[in-house]
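*Asks:* If it helps, the file is called input_24.cif and holds mmCIF, C-alpha atoms:
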```cif
data_start
loop_
_atom_site.label_atom_id
_atom_site.label_comp_id
_atom_site.auth_asym_id
_atom_site.auth_seq_id
_atom_site.Cartn_x
_atom_site.Cartn_y
_atom_site.Cartn_z
CA MET X 260 -41.84 -110.17 -47.48
CA THR X 261 -44.53 -111.17 -49.97
CA ALA X 262 -45.49 -114.84 -50.14
CA GLU X 263 -45.80 -116.14 -53.72
CA LEU X 264 -48.66 -118.63 -53.62
CA VAL X 265 -49.45 -121.54 -55.93
CA ARG X 266 -52.85 -123.13 -56.58
CA GLY X 267 -54.19 -124.80 -53.45
CA GLN X 268 -51.74 -123.14 -51.08
CA ASN X 269 -53.01 -121.58 -47.85
CA HIS X 270 -51.53 -118.56 -46.11
CA PRO X 271 -52.25 -116.84 -42.77
CA LEU X 272 -53.50 -113.28 -42.82
CA PRO X 273 -51.73 -110.62 -40.75
CA GLY X 274 -54.89 -108.96 -39.50
CA SER X 275 -58.54 -108.36 -40.21
CA ARG X 276 -58.21 -105.38 -42.57
CA LEU X 277 -56.96 -106.08 -46.10
CA GLU X 278 -56.97 -104.80 -49.62
CA ILE X 279 -57.16 -107.23 -52.54
CA ARG X 280 -55.98 -105.98 -55.93
CA VAL X 281 -56.18 -107.59 -59.37
CA SER X 282 -53.97 -106.95 -62.37
CA ALA X 283 -54.69 -108.76 -65.58
CA GLY X 284 -53.39 -106.71 -68.50
CA HIS X 285 -56.89 -106.91 -70.04
CA PRO X 286 -60.41 -106.08 -68.84
CA VAL X 287 -61.87 -108.36 -66.17
CA MET X 288 -65.08 -108.20 -64.20
CA ALA X 289 -64.41 -108.71 -60.53
CA CYS X 290 -66.80 -109.44 -57.69
CA ALA X 291 -66.86 -111.05 -54.27
CA THR X 292 -69.31 -113.36 -52.53
CA CYS X 293 -69.78 -114.40 -48.91
CA THR X 294 -70.74 -118.03 -48.37
CA ASP X 295 -71.85 -120.27 -45.53
CA GLU X 296 -70.28 -123.58 -44.47
CA GLN X 297 -71.87 -125.34 -47.47
CA GLY X 298 -70.49 -122.78 -49.95
CA THR X 299 -73.86 -121.10 -50.64
CA VAL X 300 -73.91 -117.34 -51.08
CA LEU X 301 -75.79 -115.79 -48.17
CA GLY X 302 -78.77 -113.74 -49.31
CA GLY X 303 -77.58 -113.87 -52.91
CA ALA X 304 -75.36 -110.85 -52.24
CA VAL X 305 -72.50 -110.23 -54.65
CA ALA X 306 -70.20 -107.21 -54.19
CA HIS X 307 -69.23 -105.62 -57.52
CA PRO X 308 -68.85 -102.05 -58.83
CA GLY X 309 -72.63 -101.74 -59.35
CA ALA X 310 -73.45 -103.04 -55.85
CA PRO X 311 -70.32 -102.14 -53.96
CA ALA X 312 -70.76 -103.68 -50.54
CA VAL X 313 -71.68 -106.78 -48.62
CA PRO X 314 -70.97 -106.83 -44.88
CA GLY X 315 -67.20 -106.61 -44.44
CA VAL X 316 -66.37 -106.39 -48.16
CA GLU X 317 -66.44 -103.19 -50.18
CA VAL X 318 -65.62 -102.32 -53.77
CA PRO X 319 -64.11 -98.82 -53.67
CA PRO X 320 -65.02 -96.19 -56.30
CA GLY X 321 -63.10 -96.66 -59.55
CA ALA X 322 -62.61 -100.39 -58.95
CA GLY X 323 -64.26 -101.27 -62.27
CA GLU X 324 -61.15 -100.12 -64.13
CA SER X 325 -58.64 -101.48 -61.62
CA PRO X 326 -60.37 -104.28 -59.70
CA ARG X 327 -59.86 -104.19 -55.95
CA TRP X 328 -61.68 -104.69 -52.67
CA THR X 329 -61.26 -103.54 -49.13
CA VAL X 330 -62.03 -106.20 -46.57
CA ASP X 331 -62.72 -105.88 -42.86
CA LEU X 332 -62.97 -109.45 -41.61
CA ASP X 333 -64.14 -108.25 -38.18
CA ALA X 334 -67.26 -106.87 -39.91
CA VAL X 335 -68.06 -110.11 -41.77
CA PRO X 336 -71.12 -111.75 -40.15
CA ALA X 337 -70.49 -114.87 -38.05
CA GLU X 338 -72.51 -117.07 -40.45
CA VAL X 339 -70.06 -116.28 -43.28
CA HIS X 340 -67.33 -118.90 -43.50
CA ARG X 341 -65.75 -117.92 -46.82
CA VAL X 342 -65.28 -114.78 -48.87
CA HIS X 343 -64.67 -115.66 -52.52
CA VAL X 344 -62.99 -113.30 -54.97
CA LEU X 345 -64.34 -114.00 -58.47
CA LEU X 346 -63.05 -112.92 -61.86
CA ALA X 347 -64.81 -113.14 -65.23
CA LEU X 348 -64.11 -111.95 -68.73
CA PRO X 349 -66.54 -109.30 -69.96
CA GLU X 350 -68.59 -110.30 -72.97
CA GLY X 351 -68.79 -108.34 -76.20
CA VAL X 352 -66.03 -105.81 -75.49
CA GLY X 353 -63.51 -107.11 -78.00
CA GLY X 354 -61.35 -108.61 -75.29
CA PRO X 355 -60.18 -112.18 -74.91
CA ALA X 356 -62.79 -114.94 -75.15
CA ARG X 357 -61.09 -117.20 -72.58
CA PHE X 358 -58.51 -116.83 -69.83
CA GLY X 359 -56.14 -119.25 -71.58
CA ALA X 360 -55.69 -116.72 -74.41
CA THR X 361 -54.52 -113.91 -72.10
CA ALA X 362 -51.84 -112.96 -69.65
CA ALA X 363 -52.36 -114.70 -66.32
CA PRO X 364 -54.31 -112.63 -63.77
CA VAL X 365 -52.42 -111.71 -60.61
CA LEU X 366 -54.03 -111.09 -57.23
CA ALA X 367 -52.22 -109.27 -54.45
CA VAL X 368 -53.40 -109.23 -50.84
CA ALA X 369 -52.08 -106.23 -48.91
CA ALA X 370 -52.18 -104.90 -45.36
CA PRO X 371 -53.80 -101.47 -44.73
CA ASP X 372 -50.40 -99.78 -45.10
CA GLY X 373 -50.16 -101.15 -48.66
CA ALA X 374 -47.50 -103.76 -47.90
CA GLU X 375 -48.17 -106.93 -49.87
CA VAL X 376 -48.75 -110.01 -47.76
CA ALA X 377 -49.32 -112.54 -50.56
CA ARG X 378 -49.44 -112.68 -54.34
CA TYR X 379 -51.04 -115.32 -56.54
CA THR X 380 -50.55 -115.60 -60.30
CA ILE X 381 -53.34 -117.76 -61.71
CA THR X 382 -51.71 -120.01 -64.28
CA GLY X 383 -52.86 -123.12 -66.11
CA LEU X 384 -56.10 -121.62 -67.41
CA ASP X 385 -57.50 -122.57 -70.82
CA THR X 386 -61.20 -122.42 -71.81
CA GLU X 387 -62.35 -120.78 -68.58
CA THR X 388 -64.26 -117.50 -68.79
CA ALA X 389 -64.85 -117.10 -65.04
CA LEU X 390 -63.02 -118.30 -61.96
CA VAL X 391 -62.84 -118.37 -58.20
CA ALA X 392 -59.48 -116.67 -57.76
CA ILE X 393 -58.93 -116.78 -54.00
CA GLU X 394 -60.92 -117.37 -50.88
CA LEU X 395 -60.61 -115.99 -47.40
CA TYR X 396 -61.83 -118.57 -44.92
CA ARG X 397 -62.35 -119.10 -41.19
CA ARG X 398 -60.29 -121.83 -39.57
CA GLN X 399 -60.20 -122.39 -35.82
CA GLY X 400 -61.26 -118.82 -35.07
CA ALA X 401 -58.77 -117.18 -37.45
CA TRP X 402 -58.99 -116.02 -41.06
CA LYS X 403 -56.66 -117.42 -43.72
CA MET X 404 -56.47 -117.25 -47.47
CA ARG X 405 -56.31 -119.96 -50.11
CA ALA X 406 -55.12 -119.65 -53.70
CA VAL X 407 -57.97 -121.36 -55.58
CA GLY X 408 -57.83 -120.64 -59.34
CA GLN X 409 -60.88 -122.83 -60.08
CA GLY X 410 -62.15 -121.99 -63.55
CA TYR X 411 -65.57 -122.20 -65.17
CA ALA X 412 -66.04 -122.52 -68.92
CA GLY X 413 -69.73 -121.67 -68.37
CA GLY X 414 -68.95 -118.10 -67.37
CA LEU X 415 -70.00 -116.03 -64.40
CA ALA X 416 -73.60 -117.27 -64.51
CA GLY X 417 -72.40 -120.88 -64.13
CA LEU X 418 -70.08 -119.95 -61.27
CA LEU X 419 -72.82 -118.04 -59.43
CA THR X 420 -75.22 -120.94 -60.01
CA ASP X 421 -72.71 -123.32 -58.37
CA GLN X 422 -72.55 -120.95 -55.39
CA GLY X 423 -76.33 -121.10 -54.99
CA VAL X 424 -77.15 -117.54 -56.07
CA ALA X 425 -80.86 -117.30 -56.88
CA GLY X 426 -81.28 -115.67 -60.27
CA ALA X 427 -77.62 -116.32 -61.13
CA ARG X 428 -78.10 -115.51 -64.83
CA GLU X 429 -79.75 -112.18 -64.01
CA LYS X 430 -77.06 -111.35 -61.46
CA ALA X 431 -74.31 -112.18 -63.98
CA ALA X 432 -76.06 -109.98 -66.58
CA GLU X 433 -76.28 -107.13 -64.03
CA ILE X 434 -72.54 -107.41 -63.34
CA GLN X 435 -71.87 -107.50 -67.11
CA ARG X 436 -73.91 -104.29 -67.61
CA THR X 437 -71.98 -102.62 -64.79
CA ALA X 438 -68.66 -103.69 -66.32
CA ALA X 439 -69.69 -102.29 -69.69
CA ARG X 440 -70.23 -98.85 -68.11
CA CYS X 441 -66.82 -98.80 -66.39
#
```
Any chance you could put this one into structure tokens?
*Replies:*
Amino acid sequence: MTAELVRGQNHPLPGSRLEIRVSAGHPVMACATCTDEQGTVLGGAVAHPGAPAVPGVEVPPGAGESPRWTVDLDAVPAEVHRVHVLLALPEGVGGPARFGATAAPVLAVAAPDGAEVARYTITGLDTETALVAIELYRRQGAWKMRAVGQGYAGGLAGLLTDQGVAGAREKAAEIQRTAARC
């Protein structure tokens, strides 16, 4: 049975191997970051279709059109305490200018057999152009997920800056260029 999560809700994960899928009804740029206890991205690494892997998180081929990740939490380095799934609206593609003007994005977390474990519809968005959708986090030796839905009106560059990514503007521009090619 799929758990329907609301903002701020936590949920246990059934195992260490997962797939995370996004449906939005409009183009979105999707990426993932791995952070330490303070919430800083380790090594500035961001997994996205143009740079498809950080340890334990991989963006499969074709994920630019249908955002998704495969996650192996056993392969995530011990210094990583959170894996954040980020969404942003692409710029200059004729799509929506803010999440509040679109259908709410939906994230589904599934087991390796495809069975959905949890689903989170991100509602209540307005001027945001980027957001932390969900996070996978370590708690007492086990991994769990949290429905976050924290939006940023300053776009992906602002979100990456808050996560301590060096060269956040350049990284956001790189992700934007990748999204434009997909």
*Asks:* Could you list, as an MDAnalysis selection string, every residue matched by the PyMOL selection byres ((chain X and resi 415) around 7) in this structure?
*Replies:* chainID X and resid 347 389 413:414 416:419 431
*Asks:* So how far away is atom CA of X:Ala262 from atom CA of X:Val300, in Å?
*Replies:*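 Distance reported for this atom pair: 28.5 Å.
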*Asks:* So, counting all atoms listed in the file, which residue among X:Asp421, X:Glu433, X:Glu296, X:Glu263 is closest to X:Val339?
*Replies:*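 Of all the options, X:Glu296 lies closest to X:Val339.
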*Asks:* Could you tell me how far atom CA of X:Gly284 lies from atom CA of X:Gly315, in Å and to one decimal?
*Replies:*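 Computing the Euclidean distance for atom CA of X:Gly284 and atom CA of X:Gly315 yields 27.7 Å.
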*Asks:* For stretch 358-368 of chain X, find every residue with an atom within 7 Å (counting only C-alpha atoms), except residues of its own chain fewer than 6 positions away, and show them as an NGL selection string.
*Replies:* :X and (277-284 or 375-382 or 384-388)
*Asks:* Can you tell me how far atom CA of X:Glu317 sits from atom CA of X:Gly267, in Å to one decimal?
*Replies:*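 Atom-to-atom, atom CA of X:Glu317 and atom CA of X:Gly267 are spaced 25.1 Å apart.
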*Asks:* Residues near X:Gly303, anyone? I mean within 9 Å using only C-alpha atoms, not counting same-chain ones fewer than 4 positions away, as a ChimeraX atom specification.
*Replies:* /X:292-293,299,423-427,430
*Asks:* Which residues are close to X:Ala306, i.e. within 7 Å by only C-alpha atoms, leaving aside same-chain residues fewer than 4 positions away? Reply as a PyMOL selection string.
*Replies:* chain X and resi 290-292+310-313+317-318
*Asks:* Report as JSON, numbers by chain the full result of the PyMOL selection byres ((chain X and resi 350) around 10) when it is applied to this structure.
*Replies:* {"X": [287, 288, 347, 348, 349, 351, 352, 353, 354, 355, 356, 388, 414, 432, 435, 436, 438, 439]}
